[in-house]
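Just below is one structure, and these are the notes that go with it.
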Amino acid sequence: MHYTSSHLTKPDVALGEQQISAGYSVTTNSSLFVRAYSKLLRFDRYLVRRDFAGLYRAVRTAPCTQKSADANAMDRICHTVDLACIWYWKEVLCLQRSAATTCLLRNFGIPARMILGVQQTPFRAHAWVEAGGQVINDRQYMRDLYKVIDIC
């Protein structure tokens, strides 16, 4: 089962035995957290400058490395990005979170795609990440709520 986030709250950041046995380690977790937080900063700069084209280009051109990700990498990355969002100094938007998640997943060899969708009434726009045809950083029914307008 993939890790999904629906309501972000400050979790207990101590690693439990189950997390350690699933491949989470304090060192890996800290390093990944710093990478996730830096991605949030990077994409926040695009949003502050109102440079959607630059953000879009950065995500679209982010390479998917040839690393073979371990079985828990996707869950670990999504969980760590969510933690970075919780500790980020201001509210993280779905576009920023999805861009960071997509790029990190690709860095670990997971061919993730950022999906952009809109809803007509009331008008809303939303971004989420999919890998292997599954929504991995949001609710599974996002495609039912939003019309997909682009896939990065």
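Each chain of the structure tokens is named A, B, ... in the order shown, its residues numbered from 1; ligands are numbered from 1 in display order.
With only C-alpha atoms taken into account, the protein and nucleic acid residues at most 12 Å from Gly54 of chain A (excluding it and anything under 5 positions from it in its own chain) are Arg42, Phe43, Asp44, Arg45, Tyr46, Leu47, Val48, Arg49, Val59, Arg60, Thr61 and Ala99 of chain A.
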Could you dump the residues just selected with N, CA and C atoms as a compact mmCIF listing (two decimals), in the first residue's frame?
# COMPACT_ATOMS: atom_id res chain seq x y z
N ARG A 42 13.39 25.40 -3.28
CA ARG A 42 13.63 25.65 -4.70
C ARG A 42 12.33 25.99 -5.43
N PHE A 43 11.30 25.18 -5.21
CA PHE A 43 10.05 25.41 -5.93
C PHE A 43 9.27 26.59 -5.35
N ASP A 44 9.50 26.92 -4.11
CA ASP A 44 8.89 28.11 -3.52
C ASP A 44 9.42 29.36 -4.22
N ARG A 45 10.71 29.35 -4.55
CA ARG A 45 11.29 30.51 -5.25
C ARG A 45 10.60 30.74 -6.60
N TYR A 46 10.30 29.67 -7.32
CA TYR A 46 9.56 29.82 -8.58
C TYR A 46 8.19 30.46 -8.33
N LEU A 47 7.51 29.99 -7.29
CA LEU A 47 6.16 30.50 -7.01
C LEU A 47 6.20 31.96 -6.57
N VAL A 48 7.17 32.34 -5.76
CA VAL A 48 7.30 33.73 -5.31
C VAL A 48 7.53 34.65 -6.50
N ARG A 49 8.33 34.19 -7.47
CA ARG A 49 8.59 34.99 -8.67
C ARG A 49 7.46 34.87 -9.70
N VAL A 59 10.38 20.59 -13.51
CA VAL A 59 9.79 19.27 -13.25
C VAL A 59 9.82 18.41 -14.51
N ARG A 60 9.43 18.99 -15.63
CA ARG A 60 9.38 18.24 -16.88
C ARG A 60 10.75 17.69 -17.28
N THR A 61 11.80 18.46 -17.02
CA THR A 61 13.14 18.04 -17.44
C THR A 61 13.91 17.29 -16.35
N ALA A 99 5.68 19.07 -7.07
CA ALA A 99 6.91 19.25 -7.84
C ALA A 99 8.09 18.65 -7.08
Need the shell around Val118 of chain A: protein/DNA/RNA residues with any atom at most 6 Å away, counting only C-alpha atoms. Skip same-chain ones fewer than 5 positions apart. Format as a PDB file with C-alpha atoms, in the first residue's frame?
ATOM      1  CA  ARG A 124     -10.211  25.021  -8.504  1.00  0.00           C
ATOM      2  CA  ALA A 125      -6.849  23.796  -9.663  1.00  0.00           C
ATOM      3  CA  TYR A 146     -10.416  17.107 -11.385  1.00  0.00           C
ATOM      4  CA  LYS A 147     -10.118  17.118 -15.154  1.00  0.00           C
TER       5      LYS A 147
END
Enumerate the residues of segment 39-138 of chain A with a DSSP assignment of alpha helix (DSSP H), computed from the backbone, and present them as a PDB file with C-alpha atoms, in the first residue's frame.
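Here's the written file selection.pdb:
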ATOM      1  CA  LYS A  39      13.299  21.020  -3.021  1.00  0.00           C
ATOM      2  CA  LEU A  40      10.442  22.851  -1.278  1.00  0.00           C
ATOM      3  CA  LEU A  41      12.654  25.961  -1.049  1.00  0.00           C
ATOM      4  CA  ARG A  42      13.630  25.650  -4.703  1.00  0.00           C
ATOM      5  CA  PHE A  43      10.052  25.414  -5.930  1.00  0.00           C
ATOM      6  CA  ASP A  44       8.888  28.113  -3.522  1.00  0.00           C
ATOM      7  CA  ARG A  45      11.289  30.506  -5.246  1.00  0.00           C
ATOM      8  CA  TYR A  46       9.560  29.817  -8.578  1.00  0.00           C
ATOM      9  CA  LEU A  47       6.164  30.504  -7.013  1.00  0.00           C
ATOM     10  CA  VAL A  48       7.298  33.729  -5.312  1.00  0.00           C
ATOM     11  CA  PHE A  52       5.130  28.855 -13.387  1.00  0.00           C
ATOM     12  CA  ALA A  53       6.908  28.215 -16.693  1.00  0.00           C
ATOM     13  CA  GLY A  54      10.230  27.795 -14.883  1.00  0.00           C
ATOM     14  CA  LEU A  55       8.729  25.435 -12.291  1.00  0.00           C
ATOM     15  CA  TYR A  56       7.024  23.446 -15.023  1.00  0.00           C
ATOM     16  CA  ARG A  57      10.252  23.198 -17.033  1.00  0.00           C
ATOM     17  CA  ALA A  58      12.221  22.115 -13.932  1.00  0.00           C
ATOM     18  CA  VAL A  59       9.788  19.272 -13.248  1.00  0.00           C
ATOM     19  CA  ARG A  60       9.377  18.236 -16.881  1.00  0.00           C
ATOM     20  CA  ALA A  73      11.575   4.162  -1.411  1.00  0.00           C
ATOM     21  CA  MET A  74       8.291   5.580  -2.695  1.00  0.00           C
ATOM     22  CA  ASP A  75       6.597   5.459   0.705  1.00  0.00           C
ATOM     23  CA  ARG A  76       9.700   6.802   2.439  1.00  0.00           C
ATOM     24  CA  ILE A  77      10.028   9.733   0.016  1.00  0.00           C
ATOM     25  CA  CYS A  78       6.333  10.687   0.220  1.00  0.00           C
ATOM     26  CA  HIS A  79       6.446  10.475   4.014  1.00  0.00           C
ATOM     27  CA  THR A  80       9.599  12.600   4.180  1.00  0.00           C
ATOM     28  CA  VAL A  81       8.204  15.260   1.834  1.00  0.00           C
ATOM     29  CA  ASP A  82       5.116  15.432   4.050  1.00  0.00           C
ATOM     30  CA  LEU A  83       7.349  15.907   7.103  1.00  0.00           C
ATOM     31  CA  ALA A  84       9.272  18.649   5.305  1.00  0.00           C
ATOM     32  CA  CYS A  85       5.932  20.328   4.470  1.00  0.00           C
ATOM     33  CA  ILE A  86       4.934  20.235   8.128  1.00  0.00           C
ATOM     34  CA  TRP A  87       8.191  21.873   9.227  1.00  0.00           C
ATOM     35  CA  CYS A  94      -0.011  21.411  -3.693  1.00  0.00           C
ATOM     36  CA  LEU A  95       2.009  22.495  -6.745  1.00  0.00           C
ATOM     37  CA  GLN A  96       5.141  23.015  -4.667  1.00  0.00           C
ATOM     38  CA  ARG A  97       4.701  19.739  -2.788  1.00  0.00           C
ATOM     39  CA  SER A  98       3.963  17.755  -5.951  1.00  0.00           C
ATOM     40  CA  ALA A  99       6.913  19.250  -7.841  1.00  0.00           C
ATOM     41  CA  ALA A 100       9.283  18.402  -4.973  1.00  0.00           C
ATOM     42  CA  THR A 101       7.876  14.880  -4.644  1.00  0.00           C
ATOM     43  CA  THR A 102       8.086  14.206  -8.389  1.00  0.00           C
ATOM     44  CA  CYS A 103      11.702  15.345  -8.648  1.00  0.00           C
ATOM     45  CA  LEU A 104      12.798  13.391  -5.559  1.00  0.00           C
ATOM     46  CA  LEU A 105      11.105  10.226  -6.781  1.00  0.00           C
ATOM     47  CA  ARG A 106      12.805  10.568 -10.154  1.00  0.00           C
ATOM     48  CA  ASN A 107      16.159  11.070  -8.377  1.00  0.00           C
TER      49      ASN A 107
END
Looking only at strand (DSSP E) from DSSP on the backbone, list the matching residues of chain A as a short mmCIF file (atom, residue, chain, number, x, y, z; two decimals) with N, CA and C atoms, in the first residue's frame.
data_model
loop_
_atom_site.label_atom_id
_atom_site.label_comp_id
_atom_site.auth_asym_id
_atom_site.auth_seq_id
_atom_site.Cartn_x
_atom_site.Cartn_y
_atom_site.Cartn_z
N ARG A 113 5.10 11.13 -12.18
CA ARG A 113 4.58 12.20 -13.03
C ARG A 113 3.75 13.15 -12.18
N MET A 114 3.95 14.44 -12.37
CA MET A 114 3.13 15.44 -11.70
C MET A 114 1.91 15.70 -12.59
N ILE A 115 0.74 15.60 -12.01
CA ILE A 115 -0.51 15.78 -12.74
C ILE A 115 -1.13 17.11 -12.33
N LEU A 116 -1.57 17.89 -13.32
CA LEU A 116 -2.26 19.15 -13.06
C LEU A 116 -3.71 18.98 -13.48
N GLY A 117 -4.63 19.35 -12.59
CA GLY A 117 -6.04 19.20 -12.90
C GLY A 117 -6.84 20.42 -12.50
N VAL A 118 -8.01 20.57 -13.11
CA VAL A 118 -8.91 21.68 -12.77
C VAL A 118 -10.32 21.14 -12.56
N GLN A 119 -11.06 21.91 -11.82
CA GLN A 119 -12.47 21.64 -11.56
C GLN A 119 -13.21 22.90 -11.98
N ARG A 124 -11.36 25.39 -9.32
CA ARG A 124 -10.21 25.02 -8.50
C ARG A 124 -9.17 24.37 -9.39
N ALA A 125 -7.94 24.50 -8.99
CA ALA A 125 -6.85 23.80 -9.66
C ALA A 125 -6.10 23.00 -8.60
N HIS A 126 -5.52 21.89 -9.00
CA HIS A 126 -4.83 21.03 -8.04
C HIS A 126 -3.70 20.29 -8.74
N ALA A 127 -2.68 19.94 -7.98
CA ALA A 127 -1.56 19.15 -8.50
C ALA A 127 -1.34 17.96 -7.58
N TRP A 128 -1.03 16.81 -8.18
CA TRP A 128 -0.71 15.62 -7.41
C TRP A 128 0.30 14.79 -8.18
N VAL A 129 0.79 13.73 -7.57
CA VAL A 129 1.82 12.89 -8.19
C VAL A 129 1.27 11.48 -8.39
N GLU A 130 1.60 10.92 -9.55
CA GLU A 130 1.24 9.53 -9.84
C GLU A 130 2.49 8.76 -10.24
N ALA A 131 2.49 7.50 -9.89
CA ALA A 131 3.54 6.57 -10.33
C ALA A 131 2.86 5.23 -10.56
N GLN A 134 -1.00 5.10 -10.21
CA GLN A 134 -1.62 5.30 -8.89
C GLN A 134 -1.25 6.67 -8.35
N VAL A 135 -2.22 7.33 -7.73
CA VAL A 135 -1.94 8.58 -7.02
C VAL A 135 -1.16 8.21 -5.77
N LYS A 147 -10.41 17.46 -13.77
CA LYS A 147 -10.12 17.12 -15.15
C LYS A 147 -8.62 17.36 -15.37
N VAL A 148 -7.93 16.35 -15.83
CA VAL A 148 -6.48 16.46 -16.05
C VAL A 148 -6.24 17.38 -17.23
N ILE A 149 -5.42 18.42 -17.00
CA ILE A 149 -5.10 19.34 -18.09
C ILE A 149 -3.65 19.19 -18.56
N ASP A 150 -2.81 18.58 -17.71
CA ASP A 150 -1.43 18.35 -18.14
C ASP A 150 -0.77 17.30 -17.27
N ILE A 151 0.19 16.62 -17.84
CA ILE A 151 0.98 15.63 -17.14
C ILE A 151 2.45 15.95 -17.38
#
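Distance check against Asp70 of chain A using only C-alpha atoms: of A:Asn137, A:Ile110, A:Arg143, A:Phe33, the minimum falls on A:Ile110.
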